[in-house]
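This report concerns only the one structure given below.
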Amino acid sequence: MLDLFADEAPWSEPLAPGAVVLRRLARDSSDALLAAVAQVATVSPFRHMVTPGGYTMSVAMTNCGSLGWSTDSRGYCYAAIDPLTGHPWPAIPAVFLTLAKTAASQAGYPEFSPDACLINRYQPGAKLSLHQDKDEARLDAPIVSVSLGLPATFQFGGLNRSDPLQRVWLEHGDVVVWGGESRLFYHAILPLKAGSHPQVGAWRYNLTFRRAAQ
Ligand code: MD6
Ligand code: FE
């Protein structure tokens, strides 16, 4: 299909205090980002983690960085060793770091130096329930979130689980950066709609960069 907007320049949309969507910022590097995702997955494969409540997540996850996020029947934690392989998580690829720092800087966080990147992989129907990201040691650092492949509806709330949710449609190449006042806001991804992305196929990938250690 002819993509009339393929060469659109990135633009930014404010989301909440401390949060912004940088539309299409990751498009130009998407081939390199996807190749790096595949490379990470050869070392630490995607897996469906089990939550402390005994629920097997529909989203498959892996990590890169000096720390990686996991959940199992005992709880949530960051650790240097991948529990599936018994080896350290692979390093954050250079193309990831460059994008994460550029995005953070454009959003007003020029000092961002991530040490952890959680990679989520969605198939049609997969979703992420309403949650906060609060397992990181440095809550003063923002999170940079990169969407690739099929689009998804992102829900963004407030500090309380019951706060109203705004819906944000995230497409291939969109980057969300949030920190400051909204760092602990609740958020979710609605079940992925079936489809096929010309470059990625029937998948959505999301990379979230964090500062997990001091
Ligand atoms: C996703 N994102 O977009 C899920 N968390 O697939 C997140 O859960 C998330 O986008 C913290 C900060 C940014 C995010
Ligand atoms: Fe999250």
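Naming scheme: A, B, ... for chains in displayed order of the structure tokens; residues 1 onward per chain; ligands 1 onward as shown.
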
Can you pull out every residue within 8 Å of segment 8-21 of chain A, counting only C-alpha atoms, but drop anything in the same chain fewer than 2 positions away, and send it as a tab-separated table (two decimals) with all heavy atoms, in the first residue's frame?
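Final output, saved to result.tsv:
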```tsv
chain	number	residue	atom	x	y	z
A	5	PHE	N	2.08	9.18	4.08
A	5	PHE	CA	2.65	9.91	5.21
A	5	PHE	C	4.02	9.39	5.60
A	5	PHE	O	4.54	9.72	6.65
A	5	PHE	CB	1.69	9.85	6.41
A	5	PHE	CG	0.34	10.41	6.09
A	5	PHE	CD1	-0.72	9.56	5.83
A	5	PHE	CD2	0.14	11.78	6.04
A	5	PHE	CE1	-1.98	10.08	5.53
A	5	PHE	CE2	-1.11	12.30	5.73
A	5	PHE	CZ	-2.17	11.45	5.48
A	6	ALA	N	4.61	8.57	4.73
A	6	ALA	CA	5.87	7.91	5.09
A	6	ALA	C	6.97	8.90	5.44
A	6	ALA	O	7.82	8.62	6.27
A	6	ALA	CB	6.32	7.00	3.96
A	23	ARG	N	5.48	11.96	18.06
A	23	ARG	CA	4.92	11.15	16.97
A	23	ARG	C	5.97	10.85	15.91
A	23	ARG	O	6.67	11.76	15.43
A	23	ARG	CB	3.75	11.90	16.31
A	23	ARG	CG	2.56	12.12	17.24
A	23	ARG	CD	1.79	10.84	17.43
A	23	ARG	NE	0.57	11.04	18.22
A	23	ARG	CZ	-0.16	10.04	18.72
A	23	ARG	NH1	0.20	8.78	18.51
A	23	ARG	NH2	-1.23	10.31	19.43
A	24	ARG	N	6.05	9.55	15.56
A	24	ARG	CA	6.90	9.06	14.44
A	24	ARG	C	8.41	9.22	14.66
A	24	ARG	O	9.17	8.99	13.74
A	24	ARG	CB	6.55	9.77	13.12
A	24	ARG	CG	5.06	9.91	12.82
A	24	ARG	CD	4.37	8.58	12.62
A	24	ARG	NE	3.01	8.79	12.17
A	24	ARG	CZ	1.93	8.72	12.98
A	24	ARG	NH1	2.07	8.40	14.26
A	24	ARG	NH2	0.73	8.93	12.49
A	25	LEU	N	8.80	9.60	15.87
A	25	LEU	CA	10.23	9.87	16.09
A	25	LEU	C	11.11	8.66	15.78
A	25	LEU	O	12.25	8.81	15.34
A	25	LEU	CB	10.47	10.33	17.54
A	25	LEU	CG	11.90	10.74	17.84
A	25	LEU	CD1	12.28	12.03	17.11
A	25	LEU	CD2	12.14	10.91	19.34
A	107	ALA	N	12.03	15.81	25.14
A	107	ALA	CA	10.89	15.95	26.06
A	107	ALA	C	11.27	16.74	27.31
A	107	ALA	O	10.44	16.90	28.21
A	107	ALA	CB	10.37	14.57	26.44
A	174	ASP	N	5.89	5.82	17.08
A	174	ASP	CA	5.54	6.83	18.11
A	174	ASP	C	6.34	6.56	19.39
A	174	ASP	O	6.55	5.42	19.78
A	174	ASP	CB	4.04	6.78	18.44
A	174	ASP	CG	3.19	7.32	17.30
A	174	ASP	OD1	3.75	7.91	16.35
A	174	ASP	OD2	1.95	7.15	17.35
A	175	VAL	N	6.74	7.64	20.04
A	175	VAL	CA	7.52	7.54	21.28
A	175	VAL	C	6.79	8.36	22.35
A	175	VAL	O	6.41	9.51	22.10
A	175	VAL	CB	8.96	8.08	21.08
A	175	VAL	CG1	9.75	8.00	22.38
A	175	VAL	CG2	9.67	7.32	19.96
A	176	VAL	N	6.57	7.76	23.51
A	176	VAL	CA	5.98	8.50	24.63
A	176	VAL	C	7.07	8.66	25.68
A	176	VAL	O	7.79	7.71	25.98
A	176	VAL	CB	4.78	7.74	25.25
A	176	VAL	CG1	4.12	8.60	26.33
A	176	VAL	CG2	3.77	7.36	24.18
A	177	VAL	N	7.21	9.88	26.19
A	177	VAL	CA	8.16	10.12	27.27
A	177	VAL	C	7.36	10.66	28.44
A	177	VAL	O	6.57	11.58	28.26
A	177	VAL	CB	9.23	11.16	26.88
A	177	VAL	CG1	10.23	11.34	28.02
A	177	VAL	CG2	9.95	10.74	25.60
A	178	TRP	N	7.53	10.04	29.61
A	178	TRP	CA	6.88	10.68	30.75
A	178	TRP	C	7.68	10.53	32.02
A	178	TRP	O	8.33	9.55	32.28
A	178	TRP	CB	5.44	10.30	30.88
A	178	TRP	CG	5.04	9.09	31.63
A	178	TRP	CD1	5.10	8.91	32.97
A	178	TRP	CD2	4.43	7.92	31.09
A	178	TRP	NE1	4.56	7.71	33.30
A	178	TRP	CE2	4.15	7.08	32.17
A	178	TRP	CE3	4.08	7.55	29.79
A	178	TRP	CZ2	3.55	5.86	31.98
A	178	TRP	CZ3	3.49	6.33	29.62
A	178	TRP	CH2	3.23	5.51	30.70
A	179	GLY	N	7.61	11.63	32.77
A	179	GLY	CA	8.32	11.70	34.04
A	179	GLY	C	7.66	12.77	34.87
A	179	GLY	O	6.49	13.11	34.65
A	180	GLY	N	8.40	13.32	35.83
A	180	GLY	CA	7.87	14.40	36.65
A	180	GLY	C	6.57	14.00	37.31
A	180	GLY	O	6.43	12.89	37.82
A	181	GLU	N	5.59	14.88	37.20
A	181	GLU	CA	4.30	14.67	37.88
A	181	GLU	C	3.57	13.42	37.44
A	181	GLU	O	2.78	12.85	38.18
A	181	GLU	CB	3.37	15.86	37.56
A	181	GLU	CG	3.41	16.97	38.56
A	181	GLU	CD	2.36	18.01	38.20
A	181	GLU	OE1	1.16	17.68	38.24
A	181	GLU	OE2	2.76	19.14	37.87
A	182	SER	N	3.77	12.99	36.19
A	182	SER	CA	3.00	11.84	35.71
A	182	SER	C	3.76	10.52	35.78
A	182	SER	O	3.24	9.50	35.34
A	182	SER	CB	2.48	12.07	34.29
A	182	SER	OG	3.21	13.01	33.60
A	183	ARG	N	4.94	10.52	36.36
A	183	ARG	CA	5.78	9.32	36.38
A	183	ARG	C	5.06	8.09	36.94
A	183	ARG	O	5.29	6.97	36.50
A	183	ARG	CB	7.06	9.62	37.18
A	183	ARG	CG	8.04	8.48	37.39
A	183	ARG	CD	8.60	7.96	36.09
A	183	ARG	NE	9.54	6.86	36.33
A	183	ARG	CZ	9.20	5.64	36.67
A	183	ARG	NH1	7.93	5.32	36.81
A	183	ARG	NH2	10.13	4.72	36.86
```

Helix (DSSP H, G or I) residues, from DSSP on the backbone, in chain A, as number ranges by chain: A: 30-43, 94-106, 180-182

Segment 24-213 of chain A: residues DSSP assigns to strand (DSSP E), reported as a VMD selection string: chain A and resid 60 to 65 68 to 72 75 to 79 116 to 122 128 to 131 143 to 149 152 to 156 166 to 170 175 to 178 187 to 189 204 to 210

Distance filter 8 Å around ligand 2, atoms: only C-alpha atoms and all ligand atoms, out as a ChimeraX atom specification: /A:131-133,186-188,208

Kindly save the residues from that selection, with C-alpha atoms included, as a compact mmCIF listing (two decimals), in the first residue's frame.
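Output (selection23.txt):
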```txt
# COMPACT_ATOMS: atom_id res chain seq x y z
CA HIS A 131 -0.69 -0.66 36.28
CA GLN A 132 1.92 1.75 37.62
CA ASP A 133 5.65 1.41 36.99
CA TYR A 186 -1.73 4.43 35.93
CA HIS A 187 -1.80 3.19 32.35
CA ALA A 188 -2.85 0.19 30.22
CA THR A 208 10.36 0.95 27.62
```

Proximity to Ala141 of chain A - best of A:Ala79, A:Ala212, A:Leu170, A:Val200, only C-alpha atoms: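 Ranked by minimum distance to Ala141 of chain A, first place goes to A:Ala212.
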
Nearest residue to ligand 1 from the set A:Ser162, A:Thr98, A:Ser196, A:Ser58 (distances using only C-alpha atoms and all ligand atoms):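 Nearest candidate to ligand 1 out of A:Ser162, A:Thr98, A:Ser196, A:Ser58: A:Ser58.
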
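When atom CA of Ser66 of chain A is paired with atom CA of Pro90 of chain A, their separation reads 7.8 Å.
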
Computed interatomic separation between atom CA of Leu33 of chain A and atom 9 (C, counted along the ligand's line) of ligand 1 (Å):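 These atoms are spaced 17.8 Å apart.
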
Shell of 10 Å around Pro198 of chain A, only C-alpha atoms, local chain residues under 3 positions omitted, as a VMD selection string: chain A and resid 1 149 to 150 195 201 to 202
